[in-house]
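Source file: run.csv; contents: CSV, C-alpha atoms.
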```
chain,number,residue,atom,x,y,z
A,186,MET,CA,7.9,-10.7,-13.6
A,187,THR,CA,8.1,-11.1,-9.8
A,188,LEU,CA,8.2,-7.7,-8.1
A,189,LEU,CA,7.9,-8.6,-4.4
A,190,GLU,CA,9.1,-11.8,-2.7
A,191,VAL,CA,8.3,-12.5,1.0
A,192,LYS,CA,10.3,-15.5,2.3
A,193,ASN,CA,9.8,-17.3,5.6
A,194,LEU,CA,8.9,-14.2,7.6
A,195,LYS,CA,8.8,-14.5,11.3
A,196,LYS,CA,8.0,-11.8,13.8
A,197,VAL,CA,8.1,-12.2,17.6
A,198,TYR,CA,7.4,-9.3,19.9
A,199,THR,CA,8.8,-9.3,23.4
A,200,SER,CA,7.3,-7.3,26.2
A,201,ARG,CA,9.2,-4.4,27.7
A,202,PHE,CA,10.5,-6.6,30.6
A,203,GLY,CA,11.1,-9.6,28.4
A,204,GLY,CA,8.6,-11.8,30.2
A,205,THR,CA,6.1,-12.3,27.5
A,206,LYS,CA,6.6,-13.2,23.8
A,207,VAL,CA,3.9,-12.8,21.2
A,208,GLN,CA,4.4,-14.4,17.7
A,209,ALA,CA,2.8,-12.1,15.1
A,210,LEU,CA,4.1,-13.9,12.1
A,211,ALA,CA,5.1,-17.6,12.1
A,212,ASN,CA,6.3,-18.5,8.6
A,213,VAL,CA,4.9,-16.3,5.8
A,214,SER,CA,6.0,-16.8,2.2
A,215,PHE,CA,4.4,-15.5,-1.0
A,216,SER,CA,5.3,-13.4,-4.1
A,217,VAL,CA,3.6,-10.6,-6.0
A,218,GLU,CA,4.0,-10.3,-9.7
A,219,GLU,CA,4.4,-6.9,-11.4
A,220,GLY,CA,1.0,-5.5,-12.1
A,221,GLU,CA,-0.9,-7.7,-9.6
A,222,TYR,CA,-3.7,-6.4,-7.3
A,223,VAL,CA,-3.4,-8.5,-4.1
A,224,ALA,CA,-5.6,-8.2,-1.0
A,225,ILE,CA,-4.6,-9.6,2.4
A,226,MET,CA,-7.4,-10.6,4.8
A,227,GLY,CA,-7.5,-12.2,8.2
A,228,GLU,CA,-9.0,-11.7,11.7
A,229,SER,CA,-7.8,-9.0,14.0
A,230,GLY,CA,-4.5,-10.1,15.4
A,231,SER,CA,-3.7,-12.5,12.6
A,232,GLY,CA,-0.6,-10.6,11.7
A,233,LYS,CA,-1.6,-8.9,8.4
A,234,THR,CA,-0.8,-5.3,9.5
A,235,THR,CA,2.5,-6.5,10.9
A,236,LEU,CA,3.2,-8.1,7.5
A,237,LEU,CA,2.4,-4.9,5.7
A,238,ASN,CA,4.6,-2.8,8.0
A,239,ILE,CA,7.6,-5.2,7.4
A,240,ILE,CA,7.1,-4.9,3.6
A,241,ALA,CA,6.9,-1.2,4.0
A,242,SER,CA,10.2,-1.3,5.9
A,243,LEU,CA,8.5,0.3,8.9
A,244,ASP,CA,9.2,-2.7,11.0
A,245,ARG,CA,11.9,-5.5,11.0
A,246,PRO,CA,11.2,-9.2,11.1
A,247,THR,CA,12.7,-11.5,13.6
A,248,SER,CA,13.8,-13.7,10.7
A,249,GLY,CA,13.1,-14.1,7.0
A,250,GLU,CA,13.5,-12.0,3.9
A,251,VAL,CA,11.7,-9.4,1.8
A,252,LEU,CA,12.9,-8.7,-1.7
A,253,LEU,CA,11.9,-6.0,-4.1
A,254,ARG,CA,13.0,-6.8,-7.6
A,255,GLY,CA,15.4,-9.2,-6.2
A,256,LYS,CA,17.0,-6.8,-3.8
A,257,SER,CA,16.7,-7.2,0.0
A,258,ILE,CA,14.9,-4.3,1.6
A,259,LEU,CA,16.1,-5.5,5.0
A,260,GLY,CA,19.7,-4.7,4.2
A,261,ILE,CA,19.0,-1.1,3.5
A,262,LYS,CA,20.7,1.2,6.0
A,263,GLU,CA,18.5,3.1,8.5
A,264,SER,CA,19.7,6.4,7.1
A,265,GLU,CA,18.6,5.4,3.6
A,266,LEU,CA,15.1,4.0,4.4
A,267,ALA,CA,13.2,7.2,4.1
A,268,GLU,CA,14.5,7.7,0.6
A,269,PHE,CA,13.9,4.1,-0.3
A,270,ARG,CA,10.2,4.4,0.8
A,271,ARG,CA,9.7,7.7,-1.0
A,272,ASP,CA,11.2,6.4,-4.3
A,273,ASN,CA,9.7,2.9,-4.4
A,274,LEU,CA,6.5,2.7,-2.2
A,275,GLY,CA,3.2,4.5,-2.2
A,276,PHE,CA,1.2,4.5,1.0
A,277,VAL,CA,-2.6,4.8,1.5
A,278,PHE,CA,-3.8,4.6,5.1
A,279,GLN,CA,-7.3,4.3,6.6
A,280,ASP,CA,-6.9,7.7,8.4
A,281,PHE,CA,-5.5,9.5,5.3
A,282,ASN,CA,-2.4,11.0,7.1
A,283,LEU,CA,-2.9,14.4,5.5
A,284,LEU,CA,-1.4,17.6,7.0
A,285,ASP,CA,-4.2,20.0,7.9
A,286,THR,CA,-2.0,23.0,7.5
A,287,PHE,CA,-1.1,22.1,3.9
A,288,SER,CA,-3.5,22.5,1.0
A,289,VAL,CA,-4.6,19.4,-1.0
A,290,ARG,CA,-2.0,20.4,-3.7
A,291,ASP,CA,0.8,20.7,-1.2
A,292,ASN,CA,-0.1,17.4,0.6
A,293,ILE,CA,0.2,15.6,-2.8
A,294,PHE,CA,3.4,17.4,-3.6
A,295,LEU,CA,5.1,16.6,-0.3
A,296,PRO,CA,7.0,13.5,-1.3
A,297,LEU,CA,8.3,15.2,-4.5
A,298,VAL,CA,9.3,18.3,-2.5
A,299,LEU,CA,11.3,16.0,-0.2
A,300,ALA,CA,12.9,14.4,-3.2
A,301,GLY,CA,13.9,17.8,-4.5
A,302,ARG,CA,11.9,17.7,-7.7
A,303,PRO,CA,11.3,21.0,-9.6
A,304,TYR,CA,7.9,22.6,-9.3
A,305,ARG,CA,7.2,22.4,-13.0
A,306,GLU,CA,7.6,18.6,-12.9
A,307,MET,CA,5.3,18.4,-9.9
A,308,GLU,CA,2.6,20.3,-11.7
A,309,GLU,CA,3.0,18.1,-14.8
A,310,ARG,CA,2.6,15.0,-12.7
A,311,LEU,CA,-0.3,16.4,-10.7
A,312,LYS,CA,-2.6,17.5,-13.6
A,313,PRO,CA,-3.5,14.0,-15.0
A,314,LEU,CA,-3.7,12.5,-11.6
A,315,ALA,CA,-6.0,15.1,-10.3
A,316,GLU,CA,-8.3,14.7,-13.3
A,317,LYS,CA,-8.3,10.9,-12.9
A,318,LEU,CA,-9.1,11.1,-9.2
A,319,GLU,CA,-11.6,13.9,-9.7
A,320,ILE,CA,-10.0,16.3,-7.3
A,321,SER,CA,-8.9,19.1,-9.7
A,322,ASP,CA,-11.5,21.5,-8.2
A,323,ILE,CA,-10.3,21.1,-4.6
A,324,LEU,CA,-6.5,21.4,-5.0
A,325,ASN,CA,-6.5,24.8,-3.2
A,326,LYS,CA,-8.7,23.6,-0.3
A,327,PHE,CA,-7.4,22.2,3.0
A,328,PRO,CA,-8.1,18.7,4.4
A,329,TYR,CA,-10.6,20.0,7.0
A,330,GLU,CA,-12.7,21.5,4.2
A,331,ILE,CA,-13.2,18.3,2.1
A,332,SER,CA,-15.1,15.0,2.5
A,333,GLY,CA,-13.6,11.7,3.6
A,334,GLY,CA,-13.8,10.4,0.1
A,335,GLN,CA,-11.9,13.5,-1.2
A,336,LYS,CA,-9.3,13.1,1.5
A,337,GLN,CA,-8.7,9.5,0.5
A,338,ARG,CA,-8.4,10.4,-3.1
A,339,THR,CA,-5.9,13.1,-2.2
A,340,ALA,CA,-4.0,10.4,-0.3
A,341,VAL,CA,-4.1,8.1,-3.4
A,342,ALA,CA,-2.7,11.0,-5.5
A,343,ARG,CA,0.1,11.5,-3.0
A,344,ALA,CA,0.9,7.8,-3.2
A,345,LEU,CA,0.9,7.7,-7.0
A,346,ILE,CA,2.7,11.0,-7.8
A,347,THR,CA,6.1,9.4,-7.1
A,348,LYS,CA,5.3,6.6,-9.6
A,349,PRO,CA,6.0,3.9,-7.0
A,350,GLN,CA,6.8,0.3,-7.8
A,351,ILE,CA,4.1,-0.8,-5.5
A,352,VAL,CA,1.2,0.8,-3.6
A,353,LEU,CA,0.7,-0.4,0.0
A,354,ALA,CA,-2.8,0.2,1.2
A,355,ASP,CA,-3.9,-0.4,4.9
A,356,GLU,CA,-7.7,-0.5,5.2
A,357,PRO,CA,-8.1,2.2,2.6
A,358,THR,CA,-11.9,2.1,2.7
A,359,GLY,CA,-12.2,1.8,6.5
A,360,ALA,CA,-13.2,5.4,7.1
A,361,LEU,CA,-15.3,5.9,4.0
A,362,ASP,CA,-19.1,5.7,3.4
A,363,SER,CA,-20.5,3.3,0.8
A,364,LYS,CA,-20.4,5.8,-2.1
A,365,ALA,CA,-16.8,6.9,-1.4
A,366,THR,CA,-15.8,3.3,-1.0
A,367,ASP,CA,-17.2,2.4,-4.4
A,368,GLN,CA,-15.5,5.4,-6.0
A,369,LEU,CA,-12.1,4.5,-4.4
A,370,LEU,CA,-12.4,0.8,-5.4
A,371,ARG,CA,-13.2,1.8,-9.0
A,372,ILE,CA,-10.1,4.1,-9.0
A,373,PHE,CA,-7.9,1.3,-7.6
A,374,SER,CA,-9.1,-1.1,-10.3
A,375,GLU,CA,-8.4,1.5,-13.0
A,376,ILE,CA,-4.9,2.2,-11.9
A,377,ASN,CA,-4.2,-1.5,-11.6
A,378,ARG,CA,-5.4,-2.0,-15.1
A,379,GLU,CA,-2.9,0.6,-16.2
A,380,GLY,CA,-0.1,-1.5,-14.6
A,381,GLN,CA,0.1,-0.3,-11.0
A,382,THR,CA,0.9,-3.1,-8.5
A,383,ILE,CA,-1.3,-2.9,-5.4
A,384,LEU,CA,-1.0,-4.8,-2.1
A,385,MET,CA,-3.9,-4.0,0.2
A,386,VAL,CA,-4.7,-5.1,3.8
A,387,THR,CA,-8.5,-5.0,4.4
A,388,HIS,CA,-11.3,-6.4,6.5
A,389,SER,CA,-13.8,-5.4,3.8
A,390,LEU,CA,-15.2,-8.2,1.6
A,391,LYS,CA,-16.2,-5.6,-1.0
A,392,ALA,CA,-12.7,-4.2,-1.2
A,393,ALA,CA,-11.1,-7.6,-1.4
A,394,SER,CA,-13.5,-8.7,-4.1
A,395,HIS,CA,-12.0,-6.1,-6.5
A,396,ALA,CA,-8.5,-7.7,-6.2
A,397,GLY,CA,-7.1,-10.2,-8.5
A,398,ARG,CA,-5.9,-12.5,-5.7
A,399,VAL,CA,-6.7,-12.7,-2.0
A,400,LEU,CA,-4.3,-14.0,0.6
A,401,PHE,CA,-5.8,-15.2,4.0
A,402,ILE,CA,-3.6,-14.9,7.0
A,403,LYS,CA,-4.4,-17.1,10.1
A,404,ASP,CA,-2.2,-17.5,13.2
A,405,GLY,CA,0.7,-15.7,11.5
A,406,GLU,CA,0.8,-17.8,8.4
A,407,VAL,CA,-0.7,-17.8,4.9
A,408,TYR,CA,-3.7,-20.1,5.3
A,409,HIS,CA,-5.3,-20.0,1.9
A,410,GLN,CA,-5.5,-17.9,-1.3
A,411,ILE,CA,-8.0,-17.3,-4.0
A,412,TYR,CA,-7.3,-16.3,-7.6
A,413,ARG,CA,-9.9,-14.3,-9.4
A,414,GLY,CA,-9.6,-16.0,-12.8
A,415,ALA,CA,-12.8,-15.3,-14.7
A,416,MET,CA,-14.9,-14.6,-11.6
A,417,THR,CA,-17.0,-11.5,-11.4
A,418,ASN,CA,-16.8,-9.2,-8.3
A,419,GLU,CA,-20.0,-10.8,-7.1
A,420,ALA,CA,-18.6,-14.3,-7.4
A,421,MET,CA,-15.3,-13.3,-5.9
A,422,TYR,CA,-17.2,-11.7,-2.9
A,423,GLN,CA,-19.1,-15.0,-2.3
A,424,LYS,CA,-15.9,-17.1,-2.5
A,425,ILE,CA,-14.1,-14.8,-0.1
A,426,SER,CA,-17.1,-14.9,2.3
A,427,ASP,CA,-17.1,-18.7,2.2
A,428,THR,CA,-13.4,-18.8,2.9
A,429,LEU,CA,-13.7,-16.4,5.8
A,430,THR,CA,-16.5,-18.5,7.3
A,431,VAL,CA,-14.2,-21.5,7.2
A,432,LEU,CA,-11.3,-19.5,8.6
A,433,THR,CA,-13.2,-18.2,11.6
A,434,THR,CA,-15.0,-21.4,12.4
A,435,GLY,CA,-11.9,-23.6,12.2
A,436,GLY,CA,-13.1,-25.8,9.4
A,437,CYS,CA,-11.0,-27.2,6.5
A,438,GLN,CA,-10.6,-25.2,3.3
A,439,ALA,CA,-10.7,-27.1,0.1
```

Spell out the structure here as structure tokens.
Amino acid sequence: MTLLEVKNLKKVYTSRFGGTKVQALANVSFSVEEGEYVAIMGESGSGKTTLLNIIASLDRPTSGEVLLRGKSILGIKESELAEFRRDNLGFVFQDFNLLDTFSVRDNIFLPLVLAGRPYREMEERLKPLAEKLEISDILNKFPYEISGGQKQRTAVARALITKPQIVLADEPTGALDSKATDQLLRIFSEINREGQTILMVTHSLKAASHAGRVLFIKDGEVYHQIYRGAMTNEAMYQKISDTLTVLTTGGCQA
């Protein structure tokens, strides 16, 4: 079943005085099926983060459409957007976006607190998540007391505790060392196998090689895509690497 549809997205930014226009997205169209794990790649400035921000309803396109389960997210009133994001989207950022004055537990609880959920329900949701993400022993600590990998797993728990329709991840391994990266990618693969839909923007070949499909953005358009099929992570990594070489050198992709 199709969960997310992106249709003919175009985004043009205009300078403050209206003299310069920059086209971030030209004509982007694709769909994401429920339960898919999709990575978006492209050179800096290719428009991939702009695309993610529009899907996240953090930005508005110049034209085009974004549908979640057939409903346009662009028609949602400004006053209702925060509630829409909280109820439907889970966010994982490169810089974690944790509150240093909140404990790990309270950072994870935050979206449920804002939604007015009872404390008992929050604790019931947290326990299995904390065990899965291996953060049960740090719930009373503060972000400045834990490692980068633990911070990112806390951010993942916060994203998942609302049971979102889709997790949007922006460079989730960008601030992590190799060991923490491997651990996070294993967790993403596990939650995807359990049915969680994931859409991830990344520069990392390793991160993208764990996805089921990779979309390549070039000059504001979907340039190419790779489906995993029966490929191993290693074979997927090589296929992605070859495609990026073609993309950056201007060759033709078969």

Quiz prompt | Spatial sel., origin (1.8, -15.3, 3.2), limit 6 Å, all atoms listed in the file, listed as an NGL selection string | solution = :A and (213-215 or 406-407)

Practice problem: Mind checking which residues fall within 9 Å of Ala344 (chain A), counting all atoms listed in the file, ignoring those fewer than 4 positions away in the same chain, and posting them as a list in words? | Solution: Leu274, Gly275, Phe276, Val277, Ile293, Pro296, Thr339, Ala340, Lys348, Pro349, Val352 and Leu353 of chain A

Exercise. Write out as JSON, numbers by chain which residues come within 10 Å of Leu189 (chain A) when counting only C-alpha atoms, dropping same-chain ones fewer than 2 positions away.
Key: {"A": [186, 187, 191, 192, 215, 216, 217, 218, 219, 240, 251, 252, 253, 254, 255, 256, 257, 350, 351, 382, 384]}

Next, dump the selected residues to file, keeping only C-alpha atoms, as an mmCIF file, keeping the file's coordinate frame.
```cif
data_model
loop_
_atom_site.group_PDB
_atom_site.id
_atom_site.type_symbol
_atom_site.label_atom_id
_atom_site.label_comp_id
_atom_site.auth_asym_id
_atom_site.auth_seq_id
_atom_site.Cartn_x
_atom_site.Cartn_y
_atom_site.Cartn_z
ATOM 1 C CA MET A 186 7.900 -10.700 -13.600
ATOM 2 C CA THR A 187 8.100 -11.100 -9.800
ATOM 3 C CA VAL A 191 8.300 -12.500 1.000
ATOM 4 C CA LYS A 192 10.300 -15.500 2.300
ATOM 5 C CA PHE A 215 4.400 -15.500 -1.000
ATOM 6 C CA SER A 216 5.300 -13.400 -4.100
ATOM 7 C CA VAL A 217 3.600 -10.600 -6.000
ATOM 8 C CA GLU A 218 4.000 -10.300 -9.700
ATOM 9 C CA GLU A 219 4.400 -6.900 -11.400
ATOM 10 C CA ILE A 240 7.100 -4.900 3.600
ATOM 11 C CA VAL A 251 11.700 -9.400 1.800
ATOM 12 C CA LEU A 252 12.900 -8.700 -1.700
ATOM 13 C CA LEU A 253 11.900 -6.000 -4.100
ATOM 14 C CA ARG A 254 13.000 -6.800 -7.600
ATOM 15 C CA GLY A 255 15.400 -9.200 -6.200
ATOM 16 C CA LYS A 256 17.000 -6.800 -3.800
ATOM 17 C CA SER A 257 16.700 -7.200 0.000
ATOM 18 C CA GLN A 350 6.800 0.300 -7.800
ATOM 19 C CA ILE A 351 4.100 -0.800 -5.500
ATOM 20 C CA THR A 382 0.900 -3.100 -8.500
ATOM 21 C CA LEU A 384 -1.000 -4.800 -2.100
#
```

Quiz prompt | Straight-line distance linking CA of Val386 (chain A) with CA of Arg271 (chain A), stated in Å to one decimal | solution =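 For CA of Val386 (chain A) relative to CA of Arg271 (chain A), the distance reads 19.9 Å.
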
Exercise. For region 388-397 of chain A, list every protein, DNA or RNA residue within 8 Å, evaluated using all atoms listed in the file, and leave out those in the same chain fewer than 3 positions away; present the list as a ChimeraX atom specification.
Key: /A:221-228,356,358-359,370,374,412-414,418-419,421-422,425-426

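Each of A:Lys326, A:Arg338, A:Arg302, A:Arg290 was checked against Leu369 (chain A) using all atoms listed in the file; the smallest atom-to-atom distance is that of A:Arg338.
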
Self-check item: For Met385 (chain A), the nearest of the candidates A:Thr347, A:Arg310, A:Leu237, A:Ile258, counting only C-alpha atoms
Solution: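 Answer, going by the shortest atom-to-atom distance: A:Leu237.
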
Quiz prompt | For CA of Phe294 (chain A) and CA of Ile331 (chain A), the interatomic separation in Å (one decimal) | solution =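 According to the coordinates, CA of Phe294 (chain A) and CA of Ile331 (chain A) are separated by 17.6 Å.
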
Quiz prompt | Which residue of A:Leu266, A:Leu194, A:Leu400, A:Leu345 approaches Asn377 (chain A) most closely, using all atoms listed in the file | solution =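 Closest candidate: A:Leu345.
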
Quiz prompt | Between CA of Val341 (chain A) and CA of Ile323 (chain A) - distance in Å to one decimal | solution =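 A separation of 14.5 Å between them.
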
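Between Leu283 (chain A) and the residues A:Phe401, A:Tyr329, A:Phe202, A:Tyr408, the shortest atom-to-atom distance, using only C-alpha atoms, involves A:Tyr329.
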
Quiz item: For Arg371 (chain A), which of A:Arg343, A:Arg398, A:Lys196, A:Lys317 is the closest residue, counting only C-alpha atoms?
Solution: A:Lys317

Practice problem: Tell me, as a list of chain:residue names, which residues lie within 12 Å of Thr434 (chain A), counting all atoms listed in the file; anything in the same chain fewer than 6 positions away does not count. | Solution: A:Glu228, A:Lys403, A:Asp427, A:Thr428
